[in-house]
$ cat start_0.pdb   # PDB, C-alpha atoms and all ligand atoms
ATOM      1  CA  MET Z 279      84.607  78.166 104.944
ATOM      2  CA  PRO Z 280      87.948  77.886 103.185
ATOM      3  CA  ASN Z 281      90.946  78.110 105.463
ATOM      4  CA  LEU Z 282      92.536  81.370 104.354
ATOM      5  CA  LYS Z 283      95.728  80.653 106.231
ATOM      6  CA  ASN Z 284      96.546  77.763 103.953
ATOM      7  CA  ILE Z 285      96.120  79.269 100.523
ATOM      8  CA  THR Z 286      98.693  77.695  98.272
ATOM      9  CA  ARG Z 287     100.294  79.243  95.225
ATOM     10  CA  THR Z 288     102.527  77.769  92.583
ATOM     11  CA  CYS Z 289     106.106  78.875  92.121
ATOM     12  CA  VAL Z 290     106.459  79.804  88.433
ATOM     13  CA  PHE Z 291     109.936  78.315  88.227
ATOM     14  CA  CYS Z 292     109.730  74.861  89.854
ATOM     15  CA  ARG Z 293     105.903  74.589  89.564
ATOM     16  CA  LYS Z 294     105.611  73.301  93.151
ATOM     17  CA  LYS Z 295     102.911  74.532  95.488
ATOM     18  CA  PHE Z 296     103.680  76.490  98.640
ATOM     19  CA  GLU Z 297     101.800  78.490 101.216
ATOM     20  CA  GLN Z 298     101.577  82.076 100.095
ATOM     21  CA  LYS Z 299     103.643  83.369 103.013
ATOM     22  CA  GLU Z 300     106.576  81.210 101.937
ATOM     23  CA  LEU Z 301     106.688  82.765  98.498
ATOM     24  CA  ILE Z 302     108.096  85.967  97.081
ATOM     25  CA  ARG Z 303     105.313  87.723  95.239
ATOM     26  CA  LEU Z 304     106.036  89.863  92.215
ATOM     27  CA  VAL Z 305     103.941  91.916  89.883
ATOM     28  CA  PHE Z 306     104.542  93.508  86.520
ATOM     29  CA  LYS Z 307     103.229  97.068  86.542
ATOM     30  CA  ASP Z 308     103.826 100.180  84.462
ATOM     31  CA  ASN Z 309     106.334  98.314  82.353
ATOM     32  CA  ASP Z 310     108.368  97.357  85.387
ATOM     33  CA  LEU Z 311     108.914  94.242  87.453
ATOM     34  CA  ILE Z 312     108.324  95.041  91.131
ATOM     35  CA  LEU Z 313     107.431  93.471  94.463
ATOM     36  CA  PHE Z 314     103.704  92.959  94.798
ATOM     37  CA  ASN Z 315     101.931  96.182  95.747
ATOM     38  CA  TYR Z 316      98.267  95.102  95.669
ATOM     39  CA  HIS Z 317      97.684  96.004  92.046
ATOM     40  CA  GLY Z 318      97.957  93.859  89.016
ATOM     41  CA  ARG Z 319      98.447  90.233  88.238
ATOM     42  CA  SER Z 320     101.098  88.679  90.405
ATOM     43  CA  PHE Z 321     103.295  85.620  90.222
ATOM     44  CA  TYR Z 322     105.481  83.824  92.715
ATOM     45  CA  PHE Z 323     108.922  82.420  93.377
ATOM     46  CA  CYS Z 324     109.727  80.045  96.223
ATOM     47  CA  ASN Z 325     112.750  80.437  98.477
ATOM     48  CA  SER Z 326     114.768  77.616  97.024
ATOM     49  CA  CYS Z 327     114.237  78.920  93.485
ATOM     50  CA  SER Z 328     115.248  82.435  94.502
ATOM     51  CA  THR Z 329     118.402  80.986  96.039
ATOM     52  CA  LYS Z 330     119.056  79.204  92.778
ATOM     53  CA  ILE Z 331     118.351  82.340  90.736
ATOM     54  CA  LEU Z 332     120.764  84.384  92.840
ATOM     55  CA  GLY Z 333     123.383  81.668  92.618
ATOM     56  CA  GLU Z 334     124.608  79.711  89.663
ATOM     57  CA  MET Z 335     121.980  78.854  87.101
ATOM     58  CA  LYS Z 336     122.632  76.455  84.283
ATOM     59  CA  LYS Z 337     122.229  77.947  80.805
ATOM     60  CA  LYS Z 338     119.051  75.936  80.307
ATOM     61  CA  GLU Z 339     117.597  77.167  83.598
ATOM     62  CA  TYR Z 340     118.471  80.765  82.785
ATOM     63  CA  LYS Z 341     116.761  80.438  79.417
ATOM     64  CA  ARG Z 342     113.677  78.924  81.018
ATOM     65  CA  LEU Z 343     113.509  81.667  83.648
ATOM     66  CA  ASP Z 344     113.917  84.294  80.944
ATOM     67  CA  ASN Z 345     111.011  82.750  79.003
ATOM     68  CA  ILE Z 346     108.785  82.568  82.101
ATOM     69  CA  LEU Z 347     109.407  86.225  82.924
ATOM     70  CA  LYS Z 348     108.856  87.390  79.352
ATOM     71  CA  LYS Z 349     105.567  85.525  79.327
ATOM     72  CA  GLU Z 350     104.445  86.828  82.752
ATOM     73  CA  CYS Z 351     105.498  90.391  81.937
ATOM     74  CA  LYS Z 352     104.367  90.222  78.317
ATOM     75  CA  GLY Z 353     107.478  92.000  77.221
ATOM     76  CA  ASN Z 354     110.925  91.504  75.911
ATOM     77  CA  GLN Z 355     113.270  93.154  78.387
ATOM     78  CA  ASP Z 356     116.017  91.634  80.517
ATOM     79  CA  TYR Z 357     113.744  90.722  83.408
ATOM     80  CA  VAL Z 358     116.206  88.211  84.857
ATOM     81  CA  THR Z 359     118.573  91.008  85.901
ATOM     82  CA  LYS Z 360     115.685  92.957  87.383
ATOM     83  CA  LEU Z 361     114.426  89.878  89.230
ATOM     84  CA  LYS Z 362     117.884  89.291  90.714
ATOM     85  CA  GLU Z 363     117.941  92.888  91.973
ATOM     86  CA  ILE Z 364     114.563  92.406  93.673
ATOM     87  CA  LEU Z 365     115.507  89.059  95.205
ATOM     88  CA  THR Z 366     118.775  90.488  96.523
ATOM     89  CA  TYR Z 367     116.805  93.315  98.099
ATOM     90  CA  VAL Z 368     114.150  91.161  99.808
ATOM     91  CA  ARG Z 369     116.464  88.507 101.210
TER
HETATM   92 ZN    ZN Z 401     110.291  77.270  93.108
END

$ encode --input "start_0.pdb" --output "structure tokens" --more "lines below"
Ligand SMILES: [Zn+2]
Amino acid sequence: MPNLKNITRTCVFCRKKFEQKELIRLVFKDNDLILFNYHGRSFYFCNSCSTKILGEMKKKEYKRLDNILKKECKGNQDYVTKLKEILTYVR
């Protein structure tokens, strides 16, 4: 039996593995980036990355985050701003 308490997921930004409960889970649904609501394909950010995202990101990091989100959301909107709104709300 797998131990369900220790499922690990990868943070899309730093690529490190964490227990699911330590991560902020997001989903892209109906053309919008939202907190995970049990539908759709989700992806994760760890706490230290969300702190970084809400703080000062280097231009290179911002660009990389933008690319990750555009890939995950399969779109071309300003998801970084939306992500910051969500992270501000959940923390
Ligand atoms: Zn991370």

$ closest_residue --input "start_0.pdb" --among "Z:Cys327, Z:His317, Z:Phe296, Z:Arg287" --to "ligand ZN 401 (chain Z)" --atoms "all atoms listed in the file"
Z:Cys327

$ residues_around --input "start_0.pdb" --residues "Lys330 in chain Z" --least-positions-apart "4" --cutoff "12 Å" --atoms "all atoms listed in the file" --output "PyMOL selection string"
chain Z and resi 291-292+323-326+334-336+339-340+343+362+365-366

$ write_last_selection --input "start_0.pdb" --atoms "C-alpha atoms" --output "PDB file, in the frame of the given file"
ATOM      1  CA  PHE Z 291     109.936  78.315  88.227  1.00  0.00           C
ATOM      2  CA  CYS Z 292     109.730  74.861  89.854  1.00  0.00           C
ATOM      3  CA  PHE Z 323     108.922  82.420  93.377  1.00  0.00           C
ATOM      4  CA  CYS Z 324     109.727  80.045  96.223  1.00  0.00           C
ATOM      5  CA  ASN Z 325     112.750  80.437  98.477  1.00  0.00           C
ATOM      6  CA  SER Z 326     114.768  77.616  97.024  1.00  0.00           C
ATOM      7  CA  GLU Z 334     124.608  79.711  89.663  1.00  0.00           C
ATOM      8  CA  MET Z 335     121.980  78.854  87.101  1.00  0.00           C
ATOM      9  CA  LYS Z 336     122.632  76.455  84.283  1.00  0.00           C
ATOM     10  CA  GLU Z 339     117.597  77.167  83.598  1.00  0.00           C
ATOM     11  CA  TYR Z 340     118.471  80.765  82.785  1.00  0.00           C
ATOM     12  CA  LEU Z 343     113.509  81.667  83.648  1.00  0.00           C
ATOM     13  CA  LYS Z 362     117.884  89.291  90.714  1.00  0.00           C
ATOM     14  CA  LEU Z 365     115.507  89.059  95.205  1.00  0.00           C
ATOM     15  CA  THR Z 366     118.775  90.488  96.523  1.00  0.00           C
TER      16      THR Z 366
END

$ atom_distance --input "start_0.pdb" --atom1 "CA of Asp310 in chain Z" --atom2 "CA of Asn354 in chain Z"
11.4 Å

$ atom_distance --input "start_0.pdb" --atom1 "CA of Arg369 in chain Z" --atom2 "CA of Ile331 in chain Z"
12.3 Å

$ atom_distance --input "start_0.pdb" --atom1 "CA of Leu361 in chain Z" --atom2 "CA of Thr329 in chain Z"
11.9 Å

$ decode --input "start_0.pdb" --residues "range 308-352 of chain Z" --atoms "N, CA and C atoms" --output "short mmCIF file (atom, residue, chain, number, x, y, z; two decimals), in the first residue's frame"
data_model
loop_
_atom_site.label_atom_id
_atom_site.label_comp_id
_atom_site.auth_asym_id
_atom_site.auth_seq_id
_atom_site.Cartn_x
_atom_site.Cartn_y
_atom_site.Cartn_z
N ASP Z 308 -11.53 27.19 -17.39
CA ASP Z 308 -12.38 28.20 -18.03
C ASP Z 308 -11.60 29.49 -18.32
N ASN Z 309 -10.41 29.27 -18.87
CA ASN Z 309 -9.59 30.41 -19.28
C ASN Z 309 -9.15 31.30 -18.11
N ASP Z 310 -9.07 30.70 -16.94
CA ASP Z 310 -8.69 31.48 -15.78
C ASP Z 310 -7.77 30.66 -14.86
N LEU Z 311 -6.85 31.35 -14.25
CA LEU Z 311 -5.95 30.71 -13.29
C LEU Z 311 -6.57 30.83 -11.90
N ILE Z 312 -6.81 29.69 -11.26
CA ILE Z 312 -7.50 29.71 -9.96
C ILE Z 312 -6.87 28.71 -8.99
N LEU Z 313 -7.23 28.81 -7.73
CA LEU Z 313 -6.83 27.80 -6.76
C LEU Z 313 -7.51 26.49 -7.11
N PHE Z 314 -6.84 25.39 -6.83
CA PHE Z 314 -7.36 24.09 -7.22
C PHE Z 314 -8.76 23.84 -6.65
N ASN Z 315 -9.66 23.41 -7.51
CA ASN Z 315 -11.04 23.18 -7.08
C ASN Z 315 -11.54 21.79 -7.50
N TYR Z 316 -10.63 20.84 -7.56
CA TYR Z 316 -10.95 19.44 -7.86
C TYR Z 316 -11.33 19.15 -9.30
N HIS Z 317 -11.12 20.10 -10.18
CA HIS Z 317 -11.32 19.82 -11.60
C HIS Z 317 -10.13 20.34 -12.39
N GLY Z 318 -9.71 19.55 -13.31
CA GLY Z 318 -8.68 20.02 -14.22
C GLY Z 318 -7.28 19.65 -13.78
N ARG Z 319 -6.36 19.92 -14.65
CA ARG Z 319 -4.97 19.58 -14.43
C ARG Z 319 -4.34 20.66 -13.56
N SER Z 320 -3.72 20.22 -12.48
CA SER Z 320 -3.19 21.22 -11.55
C SER Z 320 -1.67 21.26 -11.59
N PHE Z 321 -1.14 22.31 -11.04
CA PHE Z 321 0.31 22.43 -10.88
C PHE Z 321 0.58 23.16 -9.57
N TYR Z 322 1.84 23.13 -9.14
CA TYR Z 322 2.14 23.50 -7.76
C TYR Z 322 3.27 24.52 -7.63
N PHE Z 323 3.15 25.33 -6.57
CA PHE Z 323 4.25 26.21 -6.18
C PHE Z 323 4.56 25.96 -4.71
N CYS Z 324 5.84 25.93 -4.37
CA CYS Z 324 6.21 25.75 -2.96
C CYS Z 324 6.19 27.11 -2.25
N ASN Z 325 6.28 27.06 -0.94
CA ASN Z 325 6.22 28.29 -0.14
C ASN Z 325 7.36 29.25 -0.43
N SER Z 326 8.57 28.71 -0.57
CA SER Z 326 9.68 29.64 -0.76
C SER Z 326 9.61 30.29 -2.14
N CYS Z 327 9.11 29.56 -3.14
CA CYS Z 327 8.92 30.17 -4.46
C CYS Z 327 7.81 31.22 -4.41
N SER Z 328 6.72 30.94 -3.69
CA SER Z 328 5.67 31.95 -3.66
C SER Z 328 6.12 33.21 -2.93
N THR Z 329 7.00 33.03 -1.93
CA THR Z 329 7.58 34.21 -1.29
C THR Z 329 8.42 34.99 -2.28
N LYS Z 330 9.19 34.27 -3.06
CA LYS Z 330 10.02 34.91 -4.08
C LYS Z 330 9.16 35.63 -5.14
N ILE Z 331 8.09 34.97 -5.55
CA ILE Z 331 7.22 35.53 -6.58
C ILE Z 331 6.53 36.81 -6.08
N LEU Z 332 6.18 36.81 -4.82
CA LEU Z 332 5.53 38.00 -4.24
C LEU Z 332 6.53 39.10 -3.92
N GLY Z 333 7.79 38.72 -3.84
CA GLY Z 333 8.82 39.72 -3.54
C GLY Z 333 9.48 40.20 -4.82
N GLU Z 334 10.78 40.34 -4.75
CA GLU Z 334 11.51 40.85 -5.90
C GLU Z 334 12.03 39.69 -6.74
N MET Z 335 11.56 39.61 -7.96
CA MET Z 335 12.10 38.61 -8.87
C MET Z 335 13.07 39.28 -9.83
N LYS Z 336 14.14 38.55 -10.13
CA LYS Z 336 15.04 39.05 -11.16
C LYS Z 336 14.33 38.93 -12.51
N LYS Z 337 14.75 39.73 -13.47
CA LYS Z 337 14.13 39.74 -14.79
C LYS Z 337 14.09 38.34 -15.41
N LYS Z 338 15.20 37.62 -15.22
CA LYS Z 338 15.31 36.27 -15.76
C LYS Z 338 14.30 35.33 -15.11
N GLU Z 339 14.14 35.49 -13.78
CA GLU Z 339 13.19 34.65 -13.05
C GLU Z 339 11.75 34.96 -13.46
N TYR Z 340 11.47 36.24 -13.63
CA TYR Z 340 10.14 36.66 -14.06
C TYR Z 340 9.81 36.04 -15.42
N LYS Z 341 10.77 36.12 -16.31
CA LYS Z 341 10.60 35.58 -17.67
C LYS Z 341 10.34 34.07 -17.62
N ARG Z 342 11.10 33.39 -16.75
CA ARG Z 342 10.96 31.95 -16.64
C ARG Z 342 9.59 31.59 -16.06
N LEU Z 343 9.16 32.33 -15.05
CA LEU Z 343 7.85 32.10 -14.46
C LEU Z 343 6.74 32.33 -15.49
N ASP Z 344 6.89 33.42 -16.23
CA ASP Z 344 5.94 33.74 -17.29
C ASP Z 344 5.84 32.59 -18.29
N ASN Z 345 6.98 32.04 -18.69
CA ASN Z 345 6.99 30.93 -19.64
C ASN Z 345 6.34 29.67 -19.06
N ILE Z 346 6.64 29.39 -17.79
CA ILE Z 346 6.05 28.21 -17.13
C ILE Z 346 4.53 28.33 -17.12
N LEU Z 347 4.04 29.50 -16.73
CA LEU Z 347 2.59 29.70 -16.62
C LEU Z 347 1.91 29.64 -17.99
N LYS Z 348 2.55 30.22 -18.98
CA LYS Z 348 1.97 30.18 -20.33
C LYS Z 348 1.89 28.75 -20.85
N LYS Z 349 2.89 27.96 -20.49
CA LYS Z 349 2.90 26.55 -20.88
C LYS Z 349 1.82 25.77 -20.13
N GLU Z 350 1.76 25.96 -18.80
CA GLU Z 350 0.77 25.24 -17.98
C GLU Z 350 -0.66 25.64 -18.37
N CYS Z 351 -0.85 26.90 -18.67
CA CYS Z 351 -2.20 27.41 -18.95
C CYS Z 351 -2.51 27.37 -20.44
N LYS Z 352 -1.54 27.02 -21.23
CA LYS Z 352 -1.70 26.97 -22.68
C LYS Z 352 -2.33 28.25 -23.24
#
